[in-house]
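This is model00.pdb. It holds PDB, C-alpha atoms, pLDDT in the B column.
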```pdb
ATOM      1  CA  MET A   1     107.243 100.608 124.351  1.00 38.00           C
ATOM      2  CA  TYR A   2     106.774  99.553 120.762  1.00 36.00           C
ATOM      3  CA  ARG A   3     104.783 101.778 118.398  1.00 37.00           C
ATOM      4  CA  LEU A   4     104.544  99.503 115.409  1.00 41.00           C
ATOM      5  CA  PHE A   5     101.201 100.327 113.849  1.00 38.00           C
ATOM      6  CA  VAL A   6     101.002 102.089 110.525  1.00 41.00           C
ATOM      7  CA  PRO A   7      97.541 103.457 109.677  1.00 40.00           C
ATOM      8  CA  VAL A   8      96.996 103.293 105.950  1.00 41.00           C
ATOM      9  CA  VAL A   9      94.665 105.262 103.725  1.00 36.00           C
ATOM     10  CA  LEU A  10      92.243 102.402 103.320  1.00 47.00           C
ATOM     11  CA  ALA A  11      88.761 102.044 104.644  1.00 51.00           C
ATOM     12  CA  ALA A  12      86.007  99.489 104.694  1.00 53.00           C
ATOM     13  CA  THR A  13      82.451 100.699 104.250  1.00 45.00           C
ATOM     14  CA  ILE A  14      80.231  98.190 105.995  1.00 48.00           C
ATOM     15  CA  ALA A  15      76.778  97.907 107.425  1.00 46.00           C
ATOM     16  CA  VAL A  16      76.558  97.276 111.150  1.00 48.00           C
ATOM     17  CA  THR A  17      73.579  95.714 112.835  1.00 48.00           C
ATOM     18  CA  GLY A  18      72.282  97.440 115.928  1.00 51.00           C
ATOM     19  CA  CYS A  19      70.517  95.871 118.864  1.00 51.00           C
ATOM     20  CA  ASP A  20      67.144  96.784 117.357  1.00 55.00           C
ATOM     21  CA  GLY A  21      68.006  95.048 114.092  1.00 55.00           C
ATOM     22  CA  SER A  22      68.493  98.266 112.164  1.00 53.00           C
ATOM     23  CA  GLU A  23      71.493  98.754 109.903  1.00 57.00           C
ATOM     24  CA  GLU A  24      73.638 101.743 109.137  1.00 59.00           C
ATOM     25  CA  GLU A  25      76.732 102.188 107.018  1.00 62.00           C
ATOM     26  CA  VAL A  26      79.976 103.097 108.758  1.00 64.00           C
ATOM     27  CA  VAL A  27      83.517 103.524 107.507  1.00 75.00           C
ATOM     28  CA  LEU A  28      86.156 101.570 109.420  1.00 87.00           C
ATOM     29  CA  ASP A  29      89.876 102.047 108.892  1.00 92.00           C
ATOM     30  CA  VAL A  30      91.954  99.124 107.694  1.00 96.00           C
ATOM     31  CA  LEU A  31      95.115  99.361 109.803  1.00 97.00           C
ATOM     32  CA  THR A  32      98.416  97.699 109.005  1.00 98.00           C
ATOM     33  CA  VAL A  33     100.793  96.605 111.772  1.00 98.00           C
ATOM     34  CA  ARG A  34     104.353  95.858 110.715  1.00 98.00           C
ATOM     35  CA  ASP A  35     107.048  93.585 112.129  1.00 98.00           C
ATOM     36  CA  VAL A  36     105.627  92.611 115.514  1.00 98.00           C
ATOM     37  CA  PRO A  37     108.367  90.436 117.058  1.00 98.00           C
ATOM     38  CA  ALA A  38     107.136  86.947 117.935  1.00 98.00           C
ATOM     39  CA  ASP A  39     110.115  85.699 119.958  1.00 98.00           C
ATOM     40  CA  PRO A  40     112.539  85.855 117.022  1.00 97.00           C
ATOM     41  CA  PRO A  41     115.766  83.828 117.315  1.00 94.00           C
ATOM     42  CA  THR A  42     119.163  85.435 117.631  1.00 91.00           C
ATOM     43  CA  GLY A  43     120.694  82.774 115.407  1.00 88.00           C
ATOM     44  CA  ARG A  44     120.589  79.135 114.308  1.00 80.00           C
ATOM     45  CA  ASP A  45     122.412  76.045 115.480  1.00 81.00           C
ATOM     46  CA  PRO A  46     125.047  75.390 112.804  1.00 79.00           C
ATOM     47  CA  ILE A  47     124.474  71.630 113.011  1.00 77.00           C
ATOM     48  CA  THR A  48     120.715  71.214 113.435  1.00 74.00           C
ATOM     49  CA  GLY A  49     119.583  74.484 111.869  1.00 70.00           C
ATOM     50  CA  GLN A  50     117.195  75.012 114.779  1.00 79.00           C
ATOM     51  CA  PRO A  51     116.631  78.561 116.063  1.00 83.00           C
ATOM     52  CA  ILE A  52     118.581  79.594 119.160  1.00 90.00           C
ATOM     53  CA  GLY A  53     118.396  82.526 121.542  1.00 92.00           C
ATOM     54  CA  THR A  54     114.621  82.574 121.901  1.00 95.00           C
ATOM     55  CA  THR A  55     112.804  83.477 125.120  1.00 96.00           C
ATOM     56  CA  SER A  56     109.775  81.149 124.760  1.00 96.00           C
ATOM     57  CA  LYS A  57     107.596  84.160 125.627  1.00 97.00           C
ATOM     58  CA  PHE A  58     104.729  85.756 123.727  1.00 98.00           C
ATOM     59  CA  THR A  59     104.344  89.339 122.564  1.00 98.00           C
ATOM     60  CA  PHE A  60     100.875  90.604 123.562  1.00 98.00           C
ATOM     61  CA  TYR A  61      99.061  93.116 121.368  1.00 98.00           C
ATOM     62  CA  SER A  62      96.001  95.289 121.887  1.00 98.00           C
ATOM     63  CA  LEU A  63      93.902  95.855 118.783  1.00 98.00           C
ATOM     64  CA  ARG A  64      91.810  98.322 120.755  1.00 97.00           C
ATOM     65  CA  GLU A  65      94.827 100.548 121.467  1.00 97.00           C
ATOM     66  CA  ASN A  66      96.784  99.416 118.401  1.00 98.00           C
ATOM     67  CA  ARG A  67     100.010  98.819 120.298  1.00 98.00           C
ATOM     68  CA  VAL A  68     102.163  96.191 121.959  1.00 98.00           C
ATOM     69  CA  ILE A  69     101.020  95.674 125.552  1.00 98.00           C
ATOM     70  CA  LEU A  70     103.840  93.336 126.551  1.00 97.00           C
ATOM     71  CA  SER A  71     106.911  92.425 124.516  1.00 98.00           C
ATOM     72  CA  HIS A  72     108.527  88.988 124.607  1.00 97.00           C
ATOM     73  CA  THR A  73     111.661  90.676 125.978  1.00 96.00           C
ATOM     74  CA  GLU A  74     110.037  92.209 129.078  1.00 97.00           C
ATOM     75  CA  ALA A  75     110.706  90.452 132.372  1.00 96.00           C
ATOM     76  CA  ASN A  76     107.547  91.655 134.151  1.00 96.00           C
ATOM     77  CA  ARG A  77     104.760  89.495 132.686  1.00 95.00           C
ATOM     78  CA  ALA A  78     101.905  90.869 134.811  1.00 95.00           C
ATOM     79  CA  ASP A  79      99.986  92.297 131.859  1.00 95.00           C
ATOM     80  CA  SER A  80      99.701  88.835 130.311  1.00 95.00           C
ATOM     81  CA  ALA A  81      97.162  88.051 133.056  1.00 93.00           C
ATOM     82  CA  SER A  82      94.870  90.958 132.184  1.00 95.00           C
ATOM     83  CA  ASN A  83      92.213  91.799 129.628  1.00 94.00           C
ATOM     84  CA  LYS A  84      94.374  94.581 128.151  1.00 96.00           C
ATOM     85  CA  TRP A  85      95.560  92.416 125.260  1.00 96.00           C
ATOM     86  CA  ASP A  86      93.555  90.848 122.456  1.00 97.00           C
ATOM     87  CA  ILE A  87      96.020  88.780 120.419  1.00 97.00           C
ATOM     88  CA  ALA A  88      99.493  87.377 121.122  1.00 97.00           C
ATOM     89  CA  PHE A  89     102.311  86.002 118.977  1.00 98.00           C
ATOM     90  CA  ARG A  90     105.126  83.526 119.602  1.00 97.00           C
ATOM     91  CA  SER A  91     106.812  81.768 116.715  1.00 97.00           C
ATOM     92  CA  SER A  92     103.977  80.455 114.510  1.00 96.00           C
ATOM     93  CA  THR A  93     101.440  80.306 117.354  1.00 96.00           C
ATOM     94  CA  ILE A  94      98.774  82.969 117.809  1.00 97.00           C
ATOM     95  CA  LEU A  95      96.722  83.266 120.997  1.00 96.00           C
ATOM     96  CA  VAL A  96      93.525  85.145 121.756  1.00 95.00           C
ATOM     97  CA  ASN A  97      92.609  86.391 125.211  1.00 95.00           C
ATOM     98  CA  GLY A  98      89.921  83.979 126.300  1.00 92.00           C
ATOM     99  CA  ASN A  99      88.796  80.356 126.449  1.00 78.00           C
ATOM    100  CA  GLY A 100      91.286  79.431 129.150  1.00 78.00           C
ATOM    101  CA  VAL A 101      94.114  81.643 127.902  1.00 82.00           C
ATOM    102  CA  GLY A 102      94.623  84.653 130.143  1.00 74.00           C
ATOM    103  CA  VAL A 103      91.678  86.166 131.982  1.00 87.00           C
ATOM    104  CA  GLY A 104      89.978  87.847 129.030  1.00 92.00           C
ATOM    105  CA  GLN A 105      86.539  87.379 127.544  1.00 93.00           C
ATOM    106  CA  GLY A 106      87.755  87.044 123.985  1.00 94.00           C
ATOM    107  CA  GLY A 107      87.743  84.239 121.474  1.00 94.00           C
ATOM    108  CA  ALA A 108      88.466  83.629 117.821  1.00 94.00           C
ATOM    109  CA  GLN A 109      87.716  81.547 114.793  1.00 94.00           C
ATOM    110  CA  VAL A 110      89.359  81.205 111.404  1.00 95.00           C
ATOM    111  CA  LEU A 111      87.045  81.720 108.453  1.00 96.00           C
ATOM    112  CA  GLU A 112      87.809  80.262 105.038  1.00 94.00           C
ATOM    113  CA  SER A 113      87.168  83.608 103.371  1.00 96.00           C
ATOM    114  CA  SER A 114      89.339  86.458 102.175  1.00 96.00           C
ATOM    115  CA  PHE A 115      89.787  89.503 104.390  1.00 97.00           C
ATOM    116  CA  GLU A 116      87.736  91.652 102.004  1.00 95.00           C
ATOM    117  CA  ASP A 117      84.891  89.136 101.817  1.00 95.00           C
ATOM    118  CA  VAL A 118      84.373  88.911 105.586  1.00 95.00           C
ATOM    119  CA  VAL A 119      81.658  91.502 106.131  1.00 93.00           C
ATOM    120  CA  GLU A 120      80.034  90.195 109.295  1.00 92.00           C
ATOM    121  CA  ALA A 121      81.444  88.826 112.528  1.00 94.00           C
ATOM    122  CA  PRO A 122      79.725  85.517 113.353  1.00 94.00           C
ATOM    123  CA  SER A 123      77.405  85.527 116.336  1.00 92.00           C
ATOM    124  CA  SER A 124      78.901  82.322 117.780  1.00 93.00           C
ATOM    125  CA  GLY A 125      81.839  79.962 117.430  1.00 92.00           C
ATOM    126  CA  TYR A 126      84.474  81.984 119.299  1.00 92.00           C
ATOM    127  CA  SER A 127      86.264  79.147 121.011  1.00 85.00           C
ATOM    128  CA  ALA A 128      89.796  78.979 119.639  1.00 75.00           C
ATOM    129  CA  SER A 129      92.466  79.840 122.183  1.00 74.00           C
ATOM    130  CA  SER A 130      95.399  78.893 119.937  1.00 89.00           C
ATOM    131  CA  ILE A 131      95.836  79.284 116.184  1.00 95.00           C
ATOM    132  CA  GLY A 132      98.802  77.693 114.449  1.00 95.00           C
ATOM    133  CA  LEU A 133     100.069  76.306 111.176  1.00 96.00           C
ATOM    134  CA  GLU A 134      98.250  73.798 109.021  1.00 93.00           C
ATOM    135  CA  SER A 135      98.705  70.187 110.221  1.00 83.00           C
ATOM    136  CA  SER A 136      99.712  71.324 113.720  1.00 72.00           C
ATOM    137  CA  SER A 137      96.460  73.124 114.552  1.00 69.00           C
ATOM    138  CA  SER A 138      92.796  72.498 113.821  1.00 69.00           C
ATOM    139  CA  VAL A 139      92.428  76.239 113.218  1.00 83.00           C
ATOM    140  CA  ALA A 140      95.291  77.337 111.012  1.00 94.00           C
ATOM    141  CA  TRP A 141      96.375  80.741 109.742  1.00 96.00           C
ATOM    142  CA  GLY A 142      99.349  79.562 107.698  1.00 97.00           C
ATOM    143  CA  THR A 143     101.334  76.655 106.317  1.00 96.00           C
ATOM    144  CA  TYR A 144     104.960  75.519 106.254  1.00 95.00           C
ATOM    145  CA  ASN A 145     106.522  74.536 102.946  1.00 94.00           C
ATOM    146  CA  PRO A 146     109.368  72.082 103.673  1.00 92.00           C
ATOM    147  CA  ALA A 147     110.697  72.379 100.116  1.00 92.00           C
ATOM    148  CA  THR A 148     111.396  76.079 100.532  1.00 91.00           C
ATOM    149  CA  MET A 149     111.621  76.025 104.345  1.00 91.00           C
ATOM    150  CA  THR A 150     109.268  79.005 104.564  1.00 95.00           C
ATOM    151  CA  VAL A 151     106.028  79.875 106.327  1.00 96.00           C
ATOM    152  CA  PHE A 152     103.233  81.422 104.308  1.00 96.00           C
ATOM    153  CA  PRO A 153      99.788  82.719 105.320  1.00 97.00           C
ATOM    154  CA  LEU A 154      97.056  80.546 103.857  1.00 95.00           C
ATOM    155  CA  ALA A 155      95.067  82.165 101.076  1.00 89.00           C
ATOM    156  CA  ASP A 156      91.482  83.053 101.897  1.00 92.00           C
ATOM    157  CA  ARG A 157      91.851  82.696 105.663  1.00 96.00           C
ATOM    158  CA  THR A 158      90.699  85.432 108.020  1.00 97.00           C
ATOM    159  CA  ILE A 159      90.887  85.446 111.804  1.00 97.00           C
ATOM    160  CA  VAL A 160      87.735  86.916 113.350  1.00 96.00           C
ATOM    161  CA  LEU A 161      87.955  87.617 117.047  1.00 95.00           C
ATOM    162  CA  ARG A 162      86.220  89.081 120.046  1.00 95.00           C
ATOM    163  CA  THR A 163      88.528  91.335 122.029  1.00 96.00           C
ATOM    164  CA  GLY A 164      89.934  90.574 125.456  1.00 95.00           C
ATOM    165  CA  ASN A 165      87.413  92.785 127.218  1.00 94.00           C
ATOM    166  CA  GLY A 166      84.541  91.106 125.373  1.00 93.00           C
ATOM    167  CA  GLY A 167      83.385  94.441 124.025  1.00 93.00           C
ATOM    168  CA  ALA A 168      84.515  94.602 120.403  1.00 95.00           C
ATOM    169  CA  TYR A 169      84.981  92.513 117.266  1.00 96.00           C
ATOM    170  CA  ALA A 170      87.810  92.513 114.751  1.00 97.00           C
ATOM    171  CA  LYS A 171      88.945  90.728 111.639  1.00 97.00           C
ATOM    172  CA  VAL A 172      92.659  90.068 111.109  1.00 98.00           C
ATOM    173  CA  ASN A 173      94.616  89.122 108.014  1.00 98.00           C
ATOM    174  CA  ILE A 174      98.162  87.806 108.464  1.00 98.00           C
ATOM    175  CA  VAL A 175     100.256  89.307 105.661  1.00 98.00           C
ATOM    176  CA  SER A 176     103.736  87.979 106.432  1.00 98.00           C
ATOM    177  CA  TYR A 177     105.820  86.021 108.944  1.00 98.00           C
ATOM    178  CA  TYR A 178     109.099  87.699 107.946  1.00 97.00           C
ATOM    179  CA  LYS A 179     110.626  91.057 108.794  1.00 97.00           C
ATOM    180  CA  GLY A 180     109.894  93.600 106.112  1.00 98.00           C
ATOM    181  CA  ALA A 181     107.169  91.368 104.646  1.00 98.00           C
ATOM    182  CA  PRO A 182     109.141  90.182 101.580  1.00 97.00           C
ATOM    183  CA  GLU A 183     106.944  88.891  98.783  1.00 95.00           C
ATOM    184  CA  VAL A 184     109.137  85.810  98.378  1.00 95.00           C
ATOM    185  CA  PRO A 185     110.963  85.204 101.677  1.00 95.00           C
ATOM    186  CA  ASN A 186     114.443  83.723 101.726  1.00 93.00           C
ATOM    187  CA  PRO A 187     114.824  81.541 104.857  1.00 89.00           C
ATOM    188  CA  PHE A 188     118.590  82.084 104.851  1.00 87.00           C
ATOM    189  CA  GLN A 189     118.402  85.874 104.691  1.00 90.00           C
ATOM    190  CA  ASP A 190     115.015  87.122 105.890  1.00 94.00           C
ATOM    191  CA  LEU A 191     114.405  87.255 109.632  1.00 95.00           C
ATOM    192  CA  GLU A 192     111.477  85.094 110.725  1.00 96.00           C
ATOM    193  CA  ARG A 193     108.942  85.498 113.549  1.00 97.00           C
ATOM    194  CA  TYR A 194     108.040  89.086 112.675  1.00 98.00           C
ATOM    195  CA  TYR A 195     104.333  89.445 111.961  1.00 98.00           C
ATOM    196  CA  THR A 196     102.858  91.956 109.568  1.00 98.00           C
ATOM    197  CA  PHE A 197      99.078  91.951 109.650  1.00 98.00           C
ATOM    198  CA  GLU A 198      96.109  94.140 108.817  1.00 98.00           C
ATOM    199  CA  PHE A 199      92.927  94.461 110.780  1.00 98.00           C
ATOM    200  CA  VAL A 200      89.566  96.160 111.055  1.00 97.00           C
ATOM    201  CA  LEU A 201      88.068  96.792 114.492  1.00 96.00           C
ATOM    202  CA  GLN A 202      84.401  97.427 115.222  1.00 92.00           C
ATOM    203  CA  GLY A 203      84.912  99.026 118.597  1.00 83.00           C
ATOM    204  CA  ASP A 204      81.388  99.618 119.890  1.00 83.00           C
ATOM    205  CA  GLY A 205      80.394  96.003 120.510  1.00 80.00           C
ATOM    206  CA  ARG A 206      78.353  95.549 117.364  1.00 83.00           C
ATOM    207  CA  ARG A 207      79.249  92.848 114.851  1.00 87.00           C
ATOM    208  CA  PHE A 208      80.476  94.491 111.679  1.00 74.00           C
ATOM    209  CA  LYS A 209      78.605  93.512 108.519  1.00 60.00           C
TER     210      LYS A 209
END
```

In structure tokens, write the structure found in this file.
Amino acid sequence: MYRLFVPVVLAATIAVTGCDGSEEEVVLDVLTVRDVPADPPTGRDPITGQPIGTTSKFTFYSLRENRVILSHTEANRADSASNKWDIAFRSSTILVNGNGVGVGQGGAQVLESSFEDVVEAPSSGYSASSIGLESSSSVAWGTYNPATMTVFPLADRTIVLRTGNGGAYAKVNIVSYYKGAPEVPNPFQDLERYYTFEFVLQGDGRRFK
């Protein structure tokens, strides 16, 4: 089982709104997860340049447990039909556990705000089941630059989601699509389909603010 998360010494002090409308300040850890494999290729076709050796399967991740629930390499896919996972990765496509994907009660939306500026989870609008690249998805986390043949996270985009069990909210910032999170990826050297992301989870059902 993968243990990919790396807690960092960062924290977000936010106000959370209780059911009675009262607010209190809490400190939530900002966690960084490195190099989650998203069905990476084993090579490229020497003629077409297309990736080869992929499985066409997602890697499923639990933000609540901060671990991979089901890797793209595992043959038994039973956990994909559960509410154990919150977010899944395959190539440039990201899924959330809800809205017709899986059996979860989750959902997501992409806000046009930086990770630091998102201080409250919206009360509605959690309908996205698939998040992709700009031009291929109405809710995009990143973009493909054909000139450099690289994928980059879009600036000032934050994924806000409700977890697969419907009981928690999180905000997610995609940092890199390449193994090791190089600042300037080289498509001929750096391995693609490895997500590094950071997230904050409000685990008690309240919307962080």

Listing only residues of stretch 8-115 of chain A within 6 Å of stretch 120-143 of chain A, what is the closest atom pair and its distance in Å (to one decimal) for each, using only C-alpha atoms, sorted by chain and residue number ascending, as JSON lines?
```
{"residue": "A:Ser92", "atom": "CA", "partner": "A:Gly132", "partner_atom": "CA", "distance": 5.9}
{"residue": "A:Thr93", "atom": "CA", "partner": "A:Gly132", "partner_atom": "CA", "distance": 4.7}
{"residue": "A:Ile94", "atom": "CA", "partner": "A:Ile131", "partner_atom": "CA", "distance": 5.0}
{"residue": "A:Leu95", "atom": "CA", "partner": "A:Ser130", "partner_atom": "CA", "distance": 4.7}
{"residue": "A:Val96", "atom": "CA", "partner": "A:Ser129", "partner_atom": "CA", "distance": 5.4}
{"residue": "A:Asn99", "atom": "CA", "partner": "A:Ser129", "partner_atom": "CA", "distance": 5.7}
{"residue": "A:Gly107", "atom": "CA", "partner": "A:Tyr126", "partner_atom": "CA", "distance": 4.5}
{"residue": "A:Ala108", "atom": "CA", "partner": "A:Tyr126", "partner_atom": "CA", "distance": 4.6}
{"residue": "A:Gln109", "atom": "CA", "partner": "A:Tyr126", "partner_atom": "CA", "distance": 5.6}
```

Identify all residues satisfying the PyMOL selection byres ((chain A and resi 111) around 7) in the given file; provide them as a PDB file with C-alpha atoms, in the coordinates of the input.
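File part-v6.pdb, as written:
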```pdb
ATOM      1  CA  GLN A 109      87.716  81.547 114.793  1.00 94.00           C
ATOM      2  CA  VAL A 110      89.359  81.205 111.404  1.00 95.00           C
ATOM      3  CA  GLU A 112      87.809  80.262 105.038  1.00 94.00           C
ATOM      4  CA  SER A 113      87.168  83.608 103.371  1.00 96.00           C
ATOM      5  CA  ARG A 157      91.851  82.696 105.663  1.00 96.00           C
ATOM      6  CA  THR A 158      90.699  85.432 108.020  1.00 97.00           C
ATOM      7  CA  ILE A 159      90.887  85.446 111.804  1.00 97.00           C
TER       8      ILE A 159
END
```

- Choose the residue, out of A:Asn97, A:Gln105, A:Ser56, A:Ser62, that has the smallest atom-to-atom separation from A:Pro41; count only C-alpha atoms. A:Ser56

- Excluding same-chain residues fewer than 5 positions from A:Lys57, what lies within 9 Å of it counting all atoms listed in the file, as a PyMOL selection string? chain A and resi 38-39+71-73+89-90

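Between atom CA of A:Val118 and atom CA of A:Asp86 there is a distance of 19.3 Å.
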
- Message: Selection in question (the file shown): the PyMOL selection byres ((chain A and resi 177-186) around 12). Which residues does it include, as a PyMOL selection string?
- Response: chain A and resi 32-40+89-94+133+141-145+148-154+173-176+187-197

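For the atom pair formed by atom CA of A:Pro51 and atom CA of A:Ser80, the distance is 24.4 Å, given to one decimal.
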
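Distance-wise, atom CA of A:Phe208 and atom CA of A:Lys171 end up 9.3 Å apart.
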
- Query: Which residues come within 8 Å of A:Thr42, counting only C-alpha atoms, excluding same-chain residues fewer than 4 positions away, as a list in words?
  - Reply: Pro51, Ile52, Gly53 and Thr54 of chain A

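Nearest to A:Arg67 of all the residues A:Gly205, A:Ala170, A:Lys84, A:Asp117 is A:Lys84, counting only C-alpha atoms.
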
- Query: Within 7 Å of (85.5, 90.7, 116.4), in the coordinates the file gives, what residues turn up when you count only C-alpha atoms, written out as a PyMOL selection string?
  - Reply: chain A and resi 121+160-163+168-171+201-202+207

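Of the listed residues A:Gly49, A:Gly43, A:Gly167, A:Phe58, the one whose atoms come nearest to A:Leu70 is A:Phe58, with distances taken using all atoms listed in the file.
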
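The shortest atom-to-atom distance to A:Tyr61, with all atoms listed in the file taken into account, belongs to A:Ala88 out of A:Ala155, A:Val172, A:Ala88, A:Leu28.
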